[in-house]
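Next up, final.cif (mmCIF, C-alpha atoms):
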data_data
#
loop_
_atom_site.group_PDB
_atom_site.id
_atom_site.type_symbol
_atom_site.label_atom_id
_atom_site.label_comp_id
_atom_site.auth_asym_id
_atom_site.auth_seq_id
_atom_site.Cartn_x
_atom_site.Cartn_y
_atom_site.Cartn_z
ATOM 1 C CA MET A 265 6.798 -26.122 -80.650
ATOM 2 C CA GLY A 266 7.409 -29.759 -79.765
ATOM 3 C CA LYS A 267 6.771 -32.794 -81.953
ATOM 4 C CA MET A 268 4.327 -35.496 -80.852
ATOM 5 C CA GLU A 269 5.802 -38.891 -80.122
ATOM 6 C CA VAL A 270 3.565 -41.968 -79.857
ATOM 7 C CA ILE A 271 5.260 -44.789 -77.986
ATOM 8 C CA PRO A 272 4.206 -48.108 -76.435
ATOM 9 C CA ILE A 273 2.996 -47.570 -72.888
ATOM 10 C CA SER A 274 5.514 -50.190 -71.738
ATOM 11 C CA ASN A 275 8.351 -47.983 -73.024
ATOM 12 C CA VAL A 276 7.359 -44.715 -71.354
ATOM 13 C CA GLN A 277 9.674 -44.990 -68.348
ATOM 14 C CA ALA A 278 12.703 -45.579 -70.560
ATOM 15 C CA ALA A 279 11.741 -42.630 -72.776
ATOM 16 C CA VAL A 280 11.568 -39.939 -70.068
ATOM 17 C CA SER A 281 13.945 -38.360 -67.580
ATOM 18 C CA THR A 282 14.270 -39.514 -63.983
ATOM 19 C CA GLU A 283 12.610 -36.301 -62.814
ATOM 20 C CA GLU A 284 9.708 -36.715 -65.193
ATOM 21 C CA TRP A 285 9.200 -40.323 -64.134
ATOM 22 C CA ARG A 286 9.133 -39.288 -60.477
ATOM 23 C CA THR A 287 6.555 -36.611 -61.320
ATOM 24 C CA ARG A 288 4.513 -39.205 -63.193
ATOM 25 C CA ILE A 289 4.439 -41.491 -60.155
ATOM 26 C CA HIS A 290 3.331 -38.701 -57.828
ATOM 27 C CA LEU A 291 0.695 -37.431 -60.246
ATOM 28 C CA ALA A 292 -0.682 -40.950 -60.775
ATOM 29 C CA ALA A 293 -0.791 -41.271 -56.985
ATOM 30 C CA CYS A 294 -2.751 -38.020 -56.774
ATOM 31 C CA TYR A 295 -5.330 -39.369 -59.219
ATOM 32 C CA ARG A 296 -5.679 -42.587 -57.221
ATOM 33 C CA LEU A 297 -6.059 -40.623 -53.954
ATOM 34 C CA MET A 298 -8.750 -38.419 -55.444
ATOM 35 C CA ALA A 299 -10.656 -41.600 -56.298
ATOM 36 C CA ALA A 300 -10.027 -43.124 -52.879
ATOM 37 C CA TYR A 301 -11.424 -40.055 -51.107
ATOM 38 C CA GLY A 302 -14.488 -39.654 -53.310
ATOM 39 C CA MET A 303 -13.556 -36.532 -55.264
ATOM 40 C CA THR A 304 -13.988 -37.782 -58.832
ATOM 41 C CA ASP A 305 -16.571 -37.334 -61.597
ATOM 42 C CA LEU A 306 -16.201 -40.553 -63.640
ATOM 43 C CA ILE A 307 -13.591 -39.847 -66.378
ATOM 44 C CA TYR A 308 -14.113 -36.088 -66.234
ATOM 45 C CA ASN A 309 -12.061 -33.331 -64.600
ATOM 46 C CA HIS A 310 -8.315 -33.134 -64.587
ATOM 47 C CA ILE A 311 -5.176 -32.950 -62.492
ATOM 48 C CA SER A 312 -2.106 -31.578 -64.223
ATOM 49 C CA ALA A 313 1.496 -31.309 -63.095
ATOM 50 C CA ARG A 314 4.318 -29.278 -64.548
ATOM 51 C CA ILE A 315 7.477 -31.268 -65.229
ATOM 52 C CA PRO A 316 10.401 -29.823 -63.223
ATOM 53 C CA GLY A 317 13.039 -28.414 -65.533
ATOM 54 C CA ALA A 318 10.577 -28.131 -68.428
ATOM 55 C CA ALA A 319 8.492 -25.117 -67.474
ATOM 56 C CA GLU A 320 6.111 -25.259 -70.449
ATOM 57 C CA HIS A 321 5.532 -29.024 -70.372
ATOM 58 C CA TYR A 322 2.966 -30.700 -68.169
ATOM 59 C CA LEU A 323 1.353 -34.081 -67.611
ATOM 60 C CA ILE A 324 -2.379 -34.748 -67.645
ATOM 61 C CA ASN A 325 -4.799 -37.670 -67.651
ATOM 62 C CA PRO A 326 -5.842 -39.575 -70.777
ATOM 63 C CA TYR A 327 -9.496 -38.713 -71.451
ATOM 64 C CA GLY A 328 -11.395 -41.948 -71.043
ATOM 65 C CA MET A 329 -9.677 -43.530 -68.035
ATOM 66 C CA LEU A 330 -11.126 -43.543 -64.545
ATOM 67 C CA TYR A 331 -8.879 -41.945 -61.929
ATOM 68 C CA GLU A 332 -8.433 -45.332 -60.281
ATOM 69 C CA GLU A 333 -6.912 -46.646 -63.540
ATOM 70 C CA ILE A 334 -4.280 -43.949 -64.010
ATOM 71 C CA THR A 335 -0.660 -45.088 -63.951
ATOM 72 C CA ALA A 336 2.639 -43.256 -64.298
ATOM 73 C CA SER A 337 3.006 -44.537 -67.872
ATOM 74 C CA SER A 338 -0.521 -43.683 -69.011
ATOM 75 C CA LEU A 339 -0.231 -39.916 -68.470
ATOM 76 C CA VAL A 340 -0.019 -37.738 -71.583
ATOM 77 C CA LYS A 341 2.625 -35.005 -71.912
ATOM 78 C CA ILE A 342 1.535 -31.739 -73.560
ATOM 79 C CA ASP A 343 2.790 -28.168 -73.633
ATOM 80 C CA VAL A 344 1.119 -24.859 -72.764
ATOM 81 C CA GLU A 345 0.364 -24.236 -76.453
ATOM 82 C CA GLY A 346 -1.706 -27.417 -76.704
ATOM 83 C CA THR A 347 0.772 -29.624 -78.536
ATOM 84 C CA THR A 348 0.879 -33.267 -77.469
ATOM 85 C CA LEU A 349 4.522 -34.168 -76.907
ATOM 86 C CA LEU A 350 4.367 -37.755 -75.649
ATOM 87 C CA GLN A 351 1.336 -39.933 -76.349
ATOM 88 C CA PRO A 352 1.277 -43.461 -74.902
ATOM 89 C CA ASP A 353 -0.365 -45.932 -77.290
ATOM 90 C CA HIS A 354 -3.403 -46.603 -75.060
ATOM 91 C CA GLY A 355 -5.780 -44.904 -77.486
ATOM 92 C CA TYR A 356 -6.850 -41.972 -75.293
ATOM 93 C CA ASN A 357 -5.980 -38.338 -75.881
ATOM 94 C CA VAL A 358 -6.403 -35.084 -73.914
ATOM 95 C CA ASN A 359 -9.801 -33.498 -73.304
ATOM 96 C CA VAL A 360 -10.063 -29.923 -74.580
ATOM 97 C CA ALA A 361 -11.009 -28.587 -71.129
ATOM 98 C CA GLY A 362 -7.824 -30.107 -69.752
ATOM 99 C CA PHE A 363 -5.931 -27.751 -71.993
ATOM 100 C CA TYR A 364 -8.055 -24.603 -71.866
ATOM 101 C CA LEU A 365 -8.411 -24.557 -68.088
ATOM 102 C CA HIS A 366 -4.951 -25.726 -67.047
ATOM 103 C CA ALA A 367 -2.567 -24.303 -69.665
ATOM 104 C CA PRO A 368 -3.217 -20.589 -68.929
ATOM 105 C CA ILE A 369 -2.603 -21.149 -65.215
ATOM 106 C CA HIS A 370 0.598 -23.094 -65.845
ATOM 107 C CA LYS A 371 1.666 -20.362 -68.260
ATOM 108 C CA ASN A 372 0.935 -17.421 -65.943
ATOM 109 C CA ARG A 373 1.744 -18.940 -62.540
ATOM 110 C CA PRO A 374 5.238 -20.441 -62.808
ATOM 111 C CA ASP A 375 5.272 -20.835 -59.015
ATOM 112 C CA LEU A 376 2.651 -23.587 -59.240
ATOM 113 C CA GLN A 377 3.417 -27.177 -60.196
ATOM 114 C CA CYS A 378 0.039 -28.866 -59.801
ATOM 115 C CA ILE A 379 -3.587 -27.928 -60.577
ATOM 116 C CA ILE A 380 -6.623 -29.970 -59.476
ATOM 117 C CA HIS A 381 -10.157 -29.310 -60.739
ATOM 118 C CA THR A 382 -13.259 -31.075 -59.383
ATOM 119 C CA HIS A 383 -17.035 -31.190 -59.822
ATOM 120 C CA SER A 384 -17.689 -32.792 -56.443
ATOM 121 C CA ARG A 385 -21.189 -32.706 -54.991
ATOM 122 C CA ALA A 386 -20.324 -30.575 -51.956
ATOM 123 C CA GLY A 387 -17.885 -28.350 -53.845
ATOM 124 C CA THR A 388 -20.418 -27.619 -56.557
ATOM 125 C CA ALA A 389 -23.102 -26.955 -53.932
ATOM 126 C CA VAL A 390 -20.951 -24.354 -52.196
ATOM 127 C CA SER A 391 -19.967 -22.848 -55.552
ATOM 128 C CA GLY A 392 -23.640 -22.060 -56.111
ATOM 129 C CA LEU A 393 -24.118 -20.243 -52.804
ATOM 130 C CA ARG A 394 -23.945 -16.456 -52.973
ATOM 131 C CA GLU A 395 -21.732 -16.368 -49.867
ATOM 132 C CA GLY A 396 -19.354 -18.980 -51.216
ATOM 133 C CA LEU A 397 -17.218 -20.758 -48.627
ATOM 134 C CA LEU A 398 -18.003 -19.488 -45.125
ATOM 135 C CA PRO A 399 -15.553 -19.587 -42.171
ATOM 136 C CA LEU A 400 -17.830 -21.853 -40.151
ATOM 137 C CA SER A 401 -15.244 -24.524 -39.383
ATOM 138 C CA GLN A 402 -11.551 -24.630 -38.614
ATOM 139 C CA THR A 403 -11.156 -26.483 -41.909
ATOM 140 C CA ALA A 404 -12.765 -23.638 -43.863
ATOM 141 C CA MET A 405 -10.920 -20.907 -41.954
ATOM 142 C CA ARG A 406 -7.662 -22.091 -43.501
ATOM 143 C CA PHE A 407 -8.855 -20.545 -46.771
ATOM 144 C CA PHE A 408 -10.414 -17.348 -45.406
ATOM 145 C CA GLY A 409 -9.347 -14.352 -47.477
ATOM 146 C CA ARG A 410 -7.290 -16.584 -49.738
ATOM 147 C CA ILE A 411 -9.881 -17.681 -52.319
ATOM 148 C CA GLY A 412 -10.632 -16.299 -55.757
ATOM 149 C CA TYR A 413 -14.089 -16.542 -57.344
ATOM 150 C CA HIS A 414 -14.997 -16.817 -61.010
ATOM 151 C CA ASP A 415 -18.536 -16.311 -62.349
ATOM 152 C CA PHE A 416 -19.964 -19.098 -64.482
ATOM 153 C CA GLU A 417 -19.697 -18.610 -68.261
ATOM 154 C CA GLY A 418 -20.462 -22.160 -69.364
ATOM 155 C CA PRO A 419 -18.049 -25.108 -69.757
ATOM 156 C CA ALA A 420 -14.454 -23.902 -69.692
ATOM 157 C CA ILE A 421 -13.623 -24.412 -73.362
ATOM 158 C CA SER A 422 -12.926 -20.806 -74.314
ATOM 159 C CA GLY A 423 -9.420 -19.408 -74.291
ATOM 160 C CA ALA A 424 -10.769 -15.951 -73.471
ATOM 161 C CA GLU A 425 -12.680 -17.215 -70.439
ATOM 162 C CA CYS A 426 -9.719 -19.189 -69.195
ATOM 163 C CA ASP A 427 -7.624 -16.051 -69.269
ATOM 164 C CA ARG A 428 -10.289 -14.491 -67.039
ATOM 165 C CA ILE A 429 -10.144 -17.538 -64.787
ATOM 166 C CA THR A 430 -6.405 -17.003 -64.401
ATOM 167 C CA SER A 431 -7.029 -13.356 -63.578
ATOM 168 C CA ASP A 432 -9.669 -14.279 -60.975
ATOM 169 C CA LEU A 433 -7.303 -16.794 -59.395
ATOM 170 C CA GLY A 434 -4.814 -13.951 -59.027
ATOM 171 C CA PRO A 435 -2.190 -14.644 -56.338
ATOM 172 C CA HIS A 436 -4.354 -17.277 -54.644
ATOM 173 C CA ASP A 437 -3.984 -21.045 -54.776
ATOM 174 C CA ILE A 438 -7.747 -21.676 -54.512
ATOM 175 C CA LEU A 439 -10.503 -20.728 -56.953
ATOM 176 C CA ILE A 440 -14.211 -21.404 -56.633
ATOM 177 C CA LEU A 441 -15.840 -21.582 -60.053
ATOM 178 C CA ARG A 442 -19.399 -20.338 -59.474
ATOM 179 C CA ASN A 443 -22.080 -22.963 -60.257
ATOM 180 C CA HIS A 444 -19.295 -25.199 -61.538
ATOM 181 C CA GLY A 445 -16.835 -26.585 -59.008
ATOM 182 C CA LEU A 446 -13.494 -26.179 -57.279
ATOM 183 C CA LEU A 447 -9.907 -25.587 -58.326
ATOM 184 C CA ALA A 448 -6.876 -25.999 -56.051
ATOM 185 C CA CYS A 449 -3.241 -25.420 -56.931
ATOM 186 C CA GLY A 450 0.041 -26.176 -55.216
ATOM 187 C CA ARG A 451 3.765 -25.649 -55.475
ATOM 188 C CA SER A 452 4.021 -29.421 -55.402
ATOM 189 C CA ILE A 453 1.674 -32.318 -56.081
ATOM 190 C CA PRO A 454 1.359 -33.196 -52.360
ATOM 191 C CA GLN A 455 0.578 -29.567 -51.535
ATOM 192 C CA ALA A 456 -2.153 -29.363 -54.179
ATOM 193 C CA PHE A 457 -3.753 -32.616 -53.019
ATOM 194 C CA ASN A 458 -3.749 -31.437 -49.418
ATOM 195 C CA ALA A 459 -5.362 -28.133 -50.387
ATOM 196 C CA MET A 460 -8.117 -29.886 -52.355
ATOM 197 C CA TYR A 461 -8.690 -32.450 -49.602
ATOM 198 C CA TRP A 462 -9.190 -29.694 -47.020
ATOM 199 C CA LEU A 463 -11.239 -27.558 -49.407
ATOM 200 C CA GLU A 464 -13.561 -30.434 -50.238
ATOM 201 C CA ASN A 465 -14.035 -31.272 -46.578
ATOM 202 C CA ALA A 466 -14.687 -27.616 -45.744
ATOM 203 C CA CYS A 467 -17.463 -27.660 -48.354
ATOM 204 C CA ARG A 468 -18.914 -30.912 -46.999
ATOM 205 C CA ILE A 469 -18.944 -29.521 -43.463
ATOM 206 C CA GLN A 470 -20.638 -26.314 -44.620
ATOM 207 C CA VAL A 471 -23.350 -28.222 -46.472
ATOM 208 C CA ASP A 472 -23.914 -30.415 -43.392
ATOM 209 C CA MET A 473 -24.201 -27.363 -41.132
ATOM 210 C CA LEU A 474 -26.635 -25.557 -43.411
ATOM 211 C CA CYS A 475 -28.763 -28.689 -43.765
ATOM 212 C CA CYS A 476 -29.295 -28.804 -39.996
ATOM 213 C CA ASN A 477 -31.612 -25.783 -40.236
ATOM 214 C CA ARG A 478 -30.456 -24.594 -36.825
ATOM 215 C CA PRO A 479 -28.886 -21.273 -35.751
ATOM 216 C CA LEU A 480 -25.198 -21.173 -36.654
ATOM 217 C CA TYR A 481 -22.493 -20.196 -34.169
ATOM 218 C CA GLN A 482 -20.322 -17.511 -35.723
ATOM 219 C CA PRO A 483 -16.631 -17.538 -34.756
ATOM 220 C CA THR A 484 -15.036 -14.248 -33.800
ATOM 221 C CA ALA A 485 -12.820 -12.307 -36.176
ATOM 222 C CA ALA A 486 -9.882 -12.915 -33.834
ATOM 223 C CA ALA A 487 -10.467 -16.685 -33.907
ATOM 224 C CA ILE A 488 -10.613 -16.671 -37.697
ATOM 225 C CA ASP A 489 -7.437 -14.585 -37.932
ATOM 226 C CA ASN A 490 -5.586 -16.899 -35.529
ATOM 227 C CA THR A 491 -6.660 -19.934 -37.538
ATOM 228 C CA VAL A 492 -5.573 -18.380 -40.840
ATOM 229 C CA THR A 493 -2.176 -17.628 -39.297
ATOM 230 C CA CYS A 494 -1.771 -21.162 -37.938
ATOM 231 C CA PHE A 495 -2.794 -22.844 -41.173
ATOM 232 C CA ALA A 496 -0.946 -20.548 -43.550
ATOM 233 C CA GLY A 497 0.995 -23.462 -45.004
ATOM 234 C CA THR A 498 3.772 -24.287 -42.550
ATOM 235 C CA GLU A 499 3.644 -27.050 -39.987
ATOM 236 C CA ILE A 500 3.204 -26.020 -36.380
ATOM 237 C CA THR A 501 6.277 -27.130 -34.407
ATOM 238 C CA LEU A 502 7.998 -26.261 -31.183
ATOM 239 C CA LEU A 503 10.373 -23.337 -31.537
ATOM 240 C CA ASN A 504 13.347 -25.507 -30.605
ATOM 241 C CA GLU A 505 12.336 -28.586 -32.584
ATOM 242 C CA ALA A 506 15.130 -28.212 -35.114
ATOM 243 C CA GLU A 507 17.646 -28.461 -32.268
ATOM 244 C CA THR A 508 15.914 -31.166 -30.241
ATOM 245 C CA ASN A 509 14.388 -33.485 -32.833
ATOM 246 C CA PRO A 510 16.899 -35.258 -35.105
ATOM 247 C CA THR A 511 14.104 -36.390 -37.447
ATOM 248 C CA VAL A 512 12.537 -32.987 -38.089
ATOM 249 C CA ASN A 513 11.140 -32.768 -41.617
ATOM 250 C CA GLU A 514 12.495 -29.530 -43.050
ATOM 251 C CA ASP A 515 10.549 -29.860 -46.292
ATOM 252 C CA ALA A 516 7.279 -30.035 -44.376
ATOM 253 C CA ARG A 517 8.041 -27.003 -42.218
ATOM 254 C CA GLY A 518 8.589 -24.377 -44.899
ATOM 255 C CA ASN A 519 6.402 -22.844 -47.575
ATOM 256 C CA ALA A 520 8.159 -24.969 -50.167
ATOM 257 C CA GLY A 521 6.435 -27.996 -48.631
ATOM 258 C CA GLY A 522 4.023 -26.960 -45.951
ATOM 259 C CA TYR A 523 0.861 -28.935 -45.496
ATOM 260 C CA GLY A 524 0.851 -31.903 -47.805
ATOM 261 C CA GLY A 525 4.520 -32.760 -47.557
ATOM 262 C CA LEU A 526 4.295 -34.289 -44.104
ATOM 263 C CA GLU A 527 1.639 -36.901 -44.878
ATOM 264 C CA TRP A 528 2.519 -37.683 -48.512
ATOM 265 C CA ASP A 529 4.753 -40.686 -47.805
ATOM 266 C CA ALA A 530 2.017 -42.170 -45.609
ATOM 267 C CA LEU A 531 -0.520 -41.683 -48.413
ATOM 268 C CA LEU A 532 1.822 -43.421 -50.859
ATOM 269 C CA ARG A 533 2.080 -46.330 -48.423
ATOM 270 C CA LYS A 534 -1.729 -46.435 -48.300
ATOM 271 C CA LEU A 535 -1.870 -46.650 -52.100
ATOM 272 C CA ASP A 536 0.806 -49.348 -52.165
ATOM 273 C CA ARG A 537 -1.337 -51.425 -49.814
ATOM 274 C CA MET A 538 -4.414 -50.856 -51.996
ATOM 275 C CA ASP A 539 -2.842 -51.309 -55.440
ATOM 276 C CA PRO A 540 0.781 -50.428 -56.269
ATOM 277 C CA ALA A 541 0.025 -50.434 -60.029
ATOM 278 C CA PHE A 542 -0.076 -46.626 -60.061
ATOM 279 C CA ARG A 543 3.724 -46.733 -60.080
ATOM 280 C CA SER A 544 3.892 -48.687 -63.360
#
Let me see the structure of the file written as structure tokens.
Amino acid sequence: MGKMEVIPISNVQAAVSTEEWRTRIHLAACYRLMAAYGMTDLIYNHISARIPGAAEHYLINPYGMLYEEITASSLVKIDVEGTTLLQPDHGYNVNVAGFYLHAPIHKNRPDLQCIIHTHSRAGTAVSGLREGLLPLSQTAMRFFGRIGYHDFEGPAISGAECDRITSDLGPHDILILRNHGLLACGRSIPQAFNAMYWLENACRIQVDMLCCNRPLYQPTAAAIDNTVTCFAGTEITLLNEAETNPTVNEDARGNAGGYGGLEWDALLRKLDRMDPAFRS
């Protein structure tokens, strides 16, 4: 069990490891990107990230800040037992749902670094449909057969329910919380953001299609299978690219990076143009 440390927000960088500070920057960037792409719910919901080298410690947002206000220094460090380990002196603590929903997943899925939970309009709409997410678009087909579903039990503030949520997630990286919202996980922060970005857009496309009140064109099983294979998480490259392209991005080609890794630097540049304060 760790001991809580309250420190001035201006001293956070000096008080943490280089690896933790890097994780803080990327997680703050993820919060800012979620705001930029319209996937927030005021101060509510959470994105958490495990700190490399400290398996039971993770970072999460201070409850009371908008996503667009989050900085590397403002994030709170807690452990999977619910103990606050590092509390910046900004006056905000951790929301109970940020612990109950995220801690069991971090505890039981050591392969995952980042967890994103949303209550977006389109995501919540699809979560309330009996069929869930349908393979009606290439975007949605990425997730076909790779989604868990959890029936609504009320706000996720029960340890027993959150254990069931972890069970329903199973080996997947995506969970649709019925009548509630979406949850996307990743082996890195960029990977988790990419999964949520695609998942949210798949939900928006589905809602748009269903609102047209016109007959839907159903893709063939072979087309769906081909799309799942193509979008399984590795970048599509020429077979000889490693030999012919001196700038090939190895991290973006393998499952360790996959989708998310290739565009992350560009997204960071976008944030730097908008407001580089997330790095502070």
Please, what distance in Å, to one decimal, runs between CA of Asp415 (chain A) and CA of Arg442 (chain A)? 5.0 Å
Could you tell me which residues the PyMOL selection byres ((chain A and resi 428-436) around 9) returns for this structure, as JSON, numbers by chain? {"A": [365, 368, 369, 372, 373, 410, 411, 412, 413, 414, 415, 423, 424, 425, 426, 427, 437, 438, 439, 440, 441, 449]}
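The shortest atom-to-atom distance to Gln482 (chain A), with only C-alpha atoms taken into account, belongs to A:Met405 out of A:Leu447, A:Met405, A:Ala367, A:Leu535.
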Give as an MDAnalysis selection string the set of residues within 7 Å of the point (-21.5, -29.1, -61.4), where distances use the file's coordinates and all atoms listed in the file. chainID A and resid 383 388 443:445
Return as a PyMOL selection string the set of residues that the PyMOL selection byres ((chain A and resi 276-284) around 9) yields on the displayed structure. chain A and resi 271-275+285-289+315-317+336-338+350+352+544
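The residue set within 12 Å of Thr347 (chain A), counting all atoms listed in the file and dropping same-chain residues fewer than 5 places from it, reads Met265, Gly266, Lys267, Met268, Glu269, Glu320, His321, Tyr322, Leu323, Val340, Lys341, Ile342, Asn357, Val358, Val360, Phe363 and Ala367 of chain A.
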Since I can't run it myself right now, could you work out what the PyMOL selection byres ((chain A and resi 311) around 9) selects here and report it as a short mmCIF file (atom, residue, chain, number, x, y, z; two decimals) with C-alpha atoms, in the frame of the given file?
data_model
loop_
_atom_site.label_atom_id
_atom_site.label_comp_id
_atom_site.auth_asym_id
_atom_site.auth_seq_id
_atom_site.Cartn_x
_atom_site.Cartn_y
_atom_site.Cartn_z
CA LEU A 291 0.70 -37.43 -60.25
CA CYS A 294 -2.75 -38.02 -56.77
CA TYR A 295 -5.33 -39.37 -59.22
CA ASN A 309 -12.06 -33.33 -64.60
CA HIS A 310 -8.32 -33.13 -64.59
CA SER A 312 -2.11 -31.58 -64.22
CA ALA A 313 1.50 -31.31 -63.10
CA LEU A 323 1.35 -34.08 -67.61
CA ILE A 324 -2.38 -34.75 -67.64
CA ASN A 325 -4.80 -37.67 -67.65
CA GLY A 362 -7.82 -30.11 -69.75
CA HIS A 366 -4.95 -25.73 -67.05
CA CYS A 378 0.04 -28.87 -59.80
CA ILE A 379 -3.59 -27.93 -60.58
CA ILE A 380 -6.62 -29.97 -59.48
CA HIS A 381 -10.16 -29.31 -60.74
CA THR A 382 -13.26 -31.08 -59.38
#
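The closest residue to Ala299 (chain A), picked from A:Tyr364, A:Phe457, A:Phe408, A:Trp462 and counting only C-alpha atoms, is A:Phe457.
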Of the residues A:Leu393, A:Leu306, A:Thr335, A:Lys371, which is the one nearest to Ala318 (chain A), using only C-alpha atoms? A:Lys371
Using all atoms listed in the file, the best pick from A:Leu397, A:Ile453, A:Met298, A:Ala386 as closest to Asp472 (chain A) would be A:Ala386
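Nearest to Ile469 (chain A) of all the residues A:Pro399, A:Gly392, A:Pro374, A:Gly418 is A:Pro399, based on only C-alpha atoms.
Here CA of Tyr301 (chain A) stands at a distance of 22.2 Å from CA of Leu400 (chain A).
All residues of protein, DNA or RNA that reach within 10 Å of Ala404 (chain A), judged by all atoms listed in the file and not counting those fewer than 6 positions away in the chain, are Leu397, Leu398, Trp462, Leu463, Glu464, Asn465, Ala466, Cys467, Ile469, Gln470, Ile488, Thr491 and Val492 of chain A.
The two atoms in question, CA of Leu376 (chain A) and CA of Arg451 (chain A), are spaced 4.4 Å apart.
Residues surrounding region 536-540 of chain A within 12 Å are Ile289, Ala292, Ala293, Arg296, Leu297, Ala299, Ala300, Glu332, Glu333, Ile334, Thr335, Ala336, Asp529, Ala530, Leu531, Leu532, Arg533, Arg543 and Ser544 of chain A [all atoms listed in the file; sequence separation below 3 positions excluded].
Restricting the calculation to all atoms listed in the file, the smallest distance between Pro483 (chain A) and any of A:Gly355, A:Gln402, A:Leu339, A:Val270 is found for A:Gln402.
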Quick one: residues within 9 Å of Trp528 (chain A), only C-alpha atoms, excluding same-chain residues fewer than 6 positions away - as a PyMOL selection string? chain A and resi 454-455+458
